[in-house]
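Peer 1: To be precise about what I am sending: the file is called data22.txt and holds compact mmCIF, C-alpha atoms (C1' of nucleotides).
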```txt
# COMPACT_ATOMS: atom_id res chain seq x y z
CA MET A 1 240.55 149.86 187.34
CA PRO A 2 241.96 150.03 190.83
CA GLU A 3 245.51 148.73 190.78
CA LEU A 4 248.19 149.18 193.42
CA PRO A 5 248.38 153.01 193.41
CA GLU A 6 244.61 153.48 193.49
CA VAL A 7 244.19 150.86 196.22
CA GLU A 8 246.90 152.58 198.27
CA TYR A 9 245.01 155.85 197.88
CA ALA A 10 241.76 154.16 198.92
CA ALA A 11 243.48 152.61 201.93
CA ALA A 12 244.63 156.08 203.01
CA VAL A 13 241.03 157.29 202.81
CA ALA A 14 239.87 154.31 204.85
CA ARG A 15 242.59 154.89 207.46
CA ARG A 16 241.42 158.42 208.12
CA VAL A 17 237.87 157.23 208.71
CA ALA A 18 238.40 153.93 210.47
CA VAL A 19 241.66 153.57 212.36
CA GLY A 20 241.28 153.76 216.12
CA ARG A 21 237.49 153.70 215.90
CA THR A 22 234.94 151.14 217.00
CA ILE A 23 232.60 149.74 214.38
CA THR A 24 228.99 150.66 215.17
CA SER A 25 227.28 149.18 212.13
CA ALA A 26 228.19 146.76 209.36
CA LYS A 27 225.97 145.66 206.53
CA VAL A 28 226.34 143.89 203.21
CA LEU A 29 223.75 145.19 200.77
CA HIS A 30 224.31 142.95 197.74
CA ARG A 31 223.74 139.23 197.45
CA SER A 32 226.94 138.66 195.51
CA LEU A 33 229.08 140.07 198.33
CA ARG A 34 227.26 137.98 200.93
CA ARG A 35 228.80 134.85 199.45
CA ALA A 36 232.15 135.74 201.02
CA LEU A 37 230.76 137.75 203.95
CA PRO A 38 227.41 136.39 205.16
CA ALA A 39 225.18 138.66 207.23
CA ARG A 40 226.15 137.04 210.54
CA ASN A 41 229.86 137.61 209.82
CA ALA A 42 229.15 141.24 208.97
CA ARG A 43 227.18 141.65 212.21
CA SER A 44 230.09 140.20 214.19
CA LEU A 45 232.16 143.24 213.20
CA VAL A 46 230.02 145.55 215.32
CA GLY A 47 231.83 146.35 218.56
CA ASP A 48 235.23 145.45 217.15
CA ARG A 49 237.79 148.18 216.56
CA VAL A 50 240.03 148.91 213.57
CA ASP A 51 243.63 149.07 214.79
CA GLY A 52 245.23 149.59 211.40
CA ILE A 53 244.80 149.17 207.66
CA GLU A 54 247.49 147.61 205.49
CA ARG A 55 247.61 147.08 201.77
CA ARG A 56 249.20 144.01 200.16
CA GLY A 57 248.96 143.97 196.41
CA LYS A 58 245.42 145.07 195.64
CA THR A 59 243.96 143.86 198.94
CA GLN A 60 243.28 146.07 201.96
CA PHE A 61 243.48 144.39 205.36
CA PHE A 62 241.62 146.00 208.23
CA ARG A 63 243.39 144.73 211.36
CA LEU A 64 240.87 144.38 214.14
CA MET A 65 241.27 144.52 217.90
CA SER A 66 239.88 140.99 218.14
CA GLY A 67 242.86 139.69 216.15
CA ARG A 68 240.75 139.10 213.07
CA ALA A 69 241.19 140.98 209.82
CA LEU A 70 238.69 142.18 207.26
CA ALA A 71 240.08 141.71 203.76
CA VAL A 72 238.75 144.04 201.08
CA HIS A 73 239.37 143.57 197.37
CA PHE A 74 237.89 146.07 194.89
CA ARG A 75 238.36 143.85 191.83
CA MET A 76 237.14 145.92 188.88
CA THR A 77 235.09 148.87 189.97
CA GLY A 78 235.09 149.12 193.75
CA ASP A 79 235.90 152.28 195.67
CA TRP A 80 235.34 153.86 199.07
CA HIS A 81 232.75 156.52 199.51
CA VAL A 82 232.80 158.43 202.77
CA SER A 83 229.62 159.87 204.23
CA ALA A 84 227.95 160.61 207.55
CA ASP A 85 225.29 158.42 209.13
CA GLY A 86 221.91 159.35 207.72
CA GLU A 87 223.17 160.71 204.42
CA PRO A 88 221.80 158.88 201.40
CA LEU A 89 223.94 156.00 200.18
CA PRO A 90 225.53 156.23 196.74
CA ARG A 91 223.67 154.49 193.94
CA HIS A 92 225.93 151.46 193.86
CA ALA A 93 226.48 151.02 197.59
CA ARG A 94 227.23 147.33 198.15
CA ALA A 95 228.25 147.35 201.83
CA TYR A 96 229.09 149.79 204.57
CA LEU A 97 230.85 150.11 207.90
CA GLY A 98 229.70 152.77 210.34
CA PHE A 99 232.06 154.13 212.98
CA GLU A 100 232.01 155.77 216.34
CA GLY A 101 231.83 159.49 215.64
CA GLY A 102 229.26 159.16 212.87
CA LEU A 103 231.30 158.60 209.72
CA ARG A 104 230.56 155.77 207.34
CA LEU A 105 232.78 153.92 204.89
CA VAL A 106 230.65 152.79 201.97
CA LEU A 107 231.79 150.29 199.38
CA ASP A 108 230.63 151.80 196.10
CA ASP A 109 230.87 149.26 193.29
CA PRO A 110 228.69 149.33 190.16
CA ARG A 111 229.58 145.81 189.09
CA ALA A 112 229.40 144.35 192.57
CA LEU A 113 232.44 142.16 191.99
CA SER A 114 234.28 143.38 195.09
CA VAL A 115 235.03 140.85 197.78
CA LEU A 116 234.89 141.37 201.53
CA SER A 117 236.00 138.51 203.74
CA LEU A 118 236.90 137.89 207.35
CA CYS A 119 240.22 136.30 208.26
CA ALA A 120 240.50 134.48 211.57
CA PRO A 121 243.29 135.55 213.95
CA GLY A 122 246.67 134.40 212.68
CA GLN A 123 245.28 133.43 209.31
CA GLY A 124 247.80 134.59 206.73
CA ALA A 125 245.64 135.81 203.89
CA ALA A 126 248.45 137.31 201.81
CA ASP A 127 250.67 134.23 201.74
CA HIS A 128 250.12 133.50 198.07
CA LEU A 129 251.15 136.98 196.96
CA GLY A 130 254.51 137.82 195.47
CA PRO A 131 256.39 140.95 196.53
CA ASP A 132 254.54 144.22 196.13
CA ALA A 133 255.38 145.88 192.81
CA ASP A 134 256.48 149.04 194.65
CA ASP A 135 258.57 147.19 197.25
CA PRO A 136 262.40 147.05 197.16
CA ALA A 137 262.04 143.26 197.49
CA PHE A 138 260.70 143.30 193.94
CA GLU A 139 263.98 143.32 192.04
CA PRO A 140 265.42 141.79 188.85
CA VAL A 141 267.30 138.82 190.27
CA SER A 142 264.43 137.35 192.29
CA LEU A 143 262.05 138.19 189.46
CA ALA A 144 264.25 136.16 187.13
CA ALA A 145 264.06 133.26 189.60
CA ALA A 146 260.27 133.53 189.72
CA LEU A 147 260.04 133.54 185.93
CA ARG A 148 262.63 130.84 185.23
CA THR A 149 260.08 128.07 184.66
CA ARG A 150 257.40 130.22 183.09
CA ARG A 151 256.81 129.77 179.41
CA ALA A 152 253.78 132.06 179.40
CA PRO A 153 254.10 135.49 177.77
CA ILE A 154 255.61 138.13 180.06
CA LYS A 155 252.31 140.06 180.01
CA ILE A 156 250.47 137.06 181.49
CA ALA A 157 253.22 136.38 184.05
CA LEU A 158 253.13 139.98 185.36
CA LEU A 159 249.39 139.74 185.95
CA ASP A 160 249.91 136.66 188.12
CA GLN A 161 249.80 138.03 191.66
CA ARG A 162 252.09 135.22 192.85
CA VAL A 163 254.89 136.65 190.70
CA VAL A 164 254.38 140.28 191.69
CA ALA A 165 251.48 141.79 193.62
CA GLY A 166 249.53 144.86 192.65
CA LEU A 167 249.73 145.05 188.87
CA GLY A 168 246.59 144.99 186.75
CA ASN A 169 246.00 145.16 183.03
CA ILE A 170 246.57 148.88 182.57
CA TYR A 171 249.89 149.42 184.35
CA THR A 172 251.26 146.11 183.08
CA VAL A 173 250.65 147.23 179.51
CA GLU A 174 252.06 150.68 180.26
CA ALA A 175 255.21 149.26 181.87
CA LEU A 176 255.88 146.89 178.96
CA TRP A 177 255.66 149.84 176.57
CA GLN A 178 257.92 151.90 178.80
CA ALA A 179 260.47 149.05 178.86
CA ARG A 180 260.15 148.50 175.08
CA LEU A 181 259.32 144.85 175.67
CA ASN A 182 257.14 142.73 173.42
CA PRO A 183 254.24 141.51 175.61
CA ARG A 184 254.40 138.12 173.85
CA THR A 185 257.97 137.32 174.90
CA PRO A 186 258.06 134.07 176.88
CA ALA A 187 258.79 135.15 180.46
CA HIS A 188 261.67 132.73 181.05
CA GLN A 189 263.56 134.09 178.02
CA LEU A 190 264.13 137.50 179.59
CA ALA A 191 267.66 138.02 180.83
CA VAL A 192 268.27 139.86 184.09
CA ALA A 193 269.42 142.94 182.17
CA ARG A 194 266.02 143.17 180.44
CA LEU A 195 264.21 142.48 183.70
CA ARG A 196 266.14 145.34 185.27
CA GLN A 197 264.66 147.67 182.65
CA LEU A 198 261.24 146.14 183.24
CA VAL A 199 261.38 146.58 187.02
CA ARG A 200 262.49 150.17 186.54
CA ALA A 201 259.60 150.77 184.13
CA ILE A 202 257.08 149.26 186.55
CA ARG A 203 258.36 151.47 189.38
CA ARG A 204 258.21 154.54 187.16
CA VAL A 205 254.67 153.80 185.95
CA LEU A 206 253.39 153.15 189.47
CA ALA A 207 255.11 156.21 190.93
CA LYS A 208 253.54 158.40 188.27
CA ALA A 209 250.12 156.90 188.94
CA ALA A 210 250.53 157.45 192.67
CA ARG A 211 251.43 161.10 192.11
CA ASN A 212 248.35 161.54 190.01
CA ALA A 213 245.92 163.26 192.31
CA GLU A 214 242.87 162.55 190.18
CA ARG A 215 241.01 159.39 190.95
CA TYR A 216 240.59 156.72 188.33
CA TYR A 217 236.97 157.71 187.85
CA GLY A 218 237.87 161.36 187.59
CA ALA A 219 239.06 161.69 184.01
CA GLY A 220 236.27 162.38 181.58
CA ALA A 221 236.00 160.05 178.62
CA SER A 222 236.89 162.83 176.21
CA SER A 223 239.95 164.10 178.07
CA PRO A 224 243.25 163.18 176.45
CA SER A 225 244.41 159.77 177.62
CA ARG A 226 246.83 159.80 180.52
CA PHE A 227 248.10 156.44 179.24
CA ALA A 228 250.85 155.92 176.70
CA VAL A 229 249.32 152.82 175.08
CA TYR A 230 246.35 151.55 177.06
CA ASP A 231 243.10 152.01 175.10
CA ARG A 232 244.96 153.77 172.26
CA GLU A 233 244.49 151.23 169.46
CA GLY A 234 245.18 152.81 166.07
CA LYS A 235 246.60 155.99 167.59
CA PRO A 236 250.23 156.96 167.03
CA CYS A 237 252.88 155.62 169.40
CA ARG A 238 254.12 158.51 171.51
CA ARG A 239 257.68 157.33 171.02
CA CYS A 240 257.94 156.32 167.36
CA GLY A 241 254.64 157.29 165.76
CA ALA A 242 253.67 153.78 164.61
CA SER A 243 250.06 152.73 165.02
CA ILE A 244 249.30 151.18 168.43
CA ALA A 245 248.04 147.61 168.08
CA ARG A 246 245.68 145.60 170.25
CA MET A 247 245.65 141.87 170.86
CA VAL A 248 243.99 139.57 173.36
CA GLN A 249 246.11 137.61 175.84
CA GLY A 250 244.46 135.43 178.44
CA GLY A 251 241.15 137.04 177.59
CA ARG A 252 242.36 140.57 178.24
CA SER A 253 243.33 143.39 175.91
CA THR A 254 247.01 144.08 175.41
CA TYR A 255 247.94 147.33 173.69
CA PHE A 256 251.45 147.69 172.34
CA CYS A 257 253.58 149.34 169.71
CA PRO A 258 254.54 146.77 167.07
CA ARG A 259 257.54 148.86 166.04
CA CYS A 260 259.31 149.79 169.25
CA GLN A 261 258.34 146.88 171.51
CA ARG A 262 260.51 143.96 170.51
C1' DC B 263 247.95 125.92 178.96
C1' DG B 264 243.13 128.06 177.69
C1' DT B 265 238.27 129.25 178.89
C1' DA B 266 233.99 130.12 181.73
C1' DT B 267 232.17 132.50 185.64
C1' DC B 268 230.75 136.38 188.38
C1' DC B 269 228.18 141.41 187.64
C1' DT B 270 226.30 145.60 185.55
C1' DG B 271 226.84 149.82 182.85
C1' DA B 272 228.10 151.41 178.38
C1' DC B 273 227.69 151.10 173.78
C1' DC B 274 226.26 149.64 169.25
C1' DG C 275 218.90 142.89 172.79
C1' DG C 276 223.52 141.55 172.20
C1' DT C 277 228.31 142.29 173.20
C1' DC C 278 232.06 143.91 175.75
C1' DA C 279 235.01 145.10 179.74
C1' DG C 280 238.01 142.62 183.31
C1' DG C 281 240.52 140.38 188.63
C1' DA C 282 240.51 136.35 190.51
C1' DT C 283 239.16 131.76 190.68
C1' DA C 284 237.55 127.33 189.14
C1' DC C 285 237.75 124.04 185.91
C1' DG C 286 238.93 121.21 181.43
```
Give the structure from the file, written as structure tokens.
Peer 2:
Amino acid sequence: MPELPEVEYAAAVARRVAVGRTITSAKVLHRSLRRALPARNARSLVGDRVDGIERRGKTQFFRLMSGRALAVHFRMTGDWHVSADGEPLPRHARAYLGFEGGLRLVLDDPRALSVLSLCAPGQGAADHLGPDADDPAFEPVSLAAALRTRRAPIKIALLDQRVVAGLGNIYTVEALWQARLNPRTPAHQLAVARLRQLVRAIRRVLAKAARNAERYYGAGASSPSRFAVYDREGKPCRRCGASIARMVQGGRSTYFCPRCQR
DNA sequence: CGTATCCTGACC
DNA sequence: GGTCAGGATACG
């Protein structure tokens, strides 16, 4: 799943193709994406120019010359595919932007859950997001303040983008293992000292993911897991050897070591 | 707080 | 042919 490091990588790809270039074509190919970006809105992108692409949490913002911004969220399975005009589109092409010079940025998304939307000039679309998980502003003391009233399990709280932006299921689970924290611990019970370990673990997990050159689709299903706990139910904990357990929290799988995460 | 919804490929 | 996966959002 694209989380902060993968979205940052995708944004870098998009920057190379789009920044400084005028949009020559824009089309939404799937009904589900037209809910947020109707055909007329897509058409209005033609003639505008991409001045820059920023990432906040898991959202990419294409800053346009007109003052508007195109927000792109990959959700589960979205990714950019780069091709030249006239080349066949990938099987799960859901939308594309064509640019001056002949390159095309194609949104490739099997499940078609990605969201494209236009933000009017001055419309702050990232206001509801907490600090980015890889930003220095994400630190233990302010995290403690954000969690003070939260009785939900820490796993659930970390997935709330208002608390911290950019974490998804996989790296949240990995960071909790790294920090030896029980995912069920009520968030407000964690002292700053424990949160310091957690923040450090999150930074470490994200930095490792960012260094990883392979894309998230790249690893074959049979290759050894690059995760310490995610999707390793019943396999030995890489720290203590106990059997990795799985539970469901908020409808999503949490993997953890029942022995060394307390 | 929990649960349904979107969407489709993968898997039994 | 039924179930599962899950980010964000909407709702009870």
Peer 1: For a test of reading the model, state the distance in Å between atom CA of A:Leu97 and atom CA of A:Ser25, rounded to one decimal.
Peer 2: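 So the answer is 5.6 Å.
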Peer 1: Just need the box for stretch 247-257 of chain A, edges along x, y and z, holding every atom the file lists for it with 6 Å tacked onto each side, so centre and edge lengths in Å to one decimal, as lines of an AutoDock Vina configuration file.
Peer 2:
```
center_x = 247.4
center_y = 142.4
center_z = 174.1
size_x = 24.4
size_y = 25.9
size_z = 20.7
```
Peer 1: Within 9 Å of chain C, which residues of chain A show up when using only C-alpha atoms (C1' of nucleotides), listed as number ranges by chain?
Peer 2: A: 1, 74-76, 113, 168-169, 251-252
Peer 1: How far is it from atom CA of A:Trp177 to atom CA of A:Arg259, in Å with one decimal?
Peer 2: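 One can read the atom CA of A:Trp177 to atom CA of A:Arg259 distance as 10.7 Å.
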Peer 1: Give me, please, the distance in Å between atom CA of A:Ser66 and atom CA of A:Val19, quoted to one decimal.
Peer 2: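 Spanning atom CA of A:Ser66 to atom CA of A:Val19 is a straight-line distance of 14.0 Å.
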Peer 1: Using all atoms listed in the file, I'd like every residue of chain A that has an atom within 10 Å of chain B; please write them out as a list of chain:residue names.
Peer 2: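 Selected residues: A:Ser32, A:Asp109, A:Pro110, A:Arg111, A:Ala112, A:Leu113, A:Ser114, A:Arg151, A:Ala152, A:Gly250, A:Gly251.
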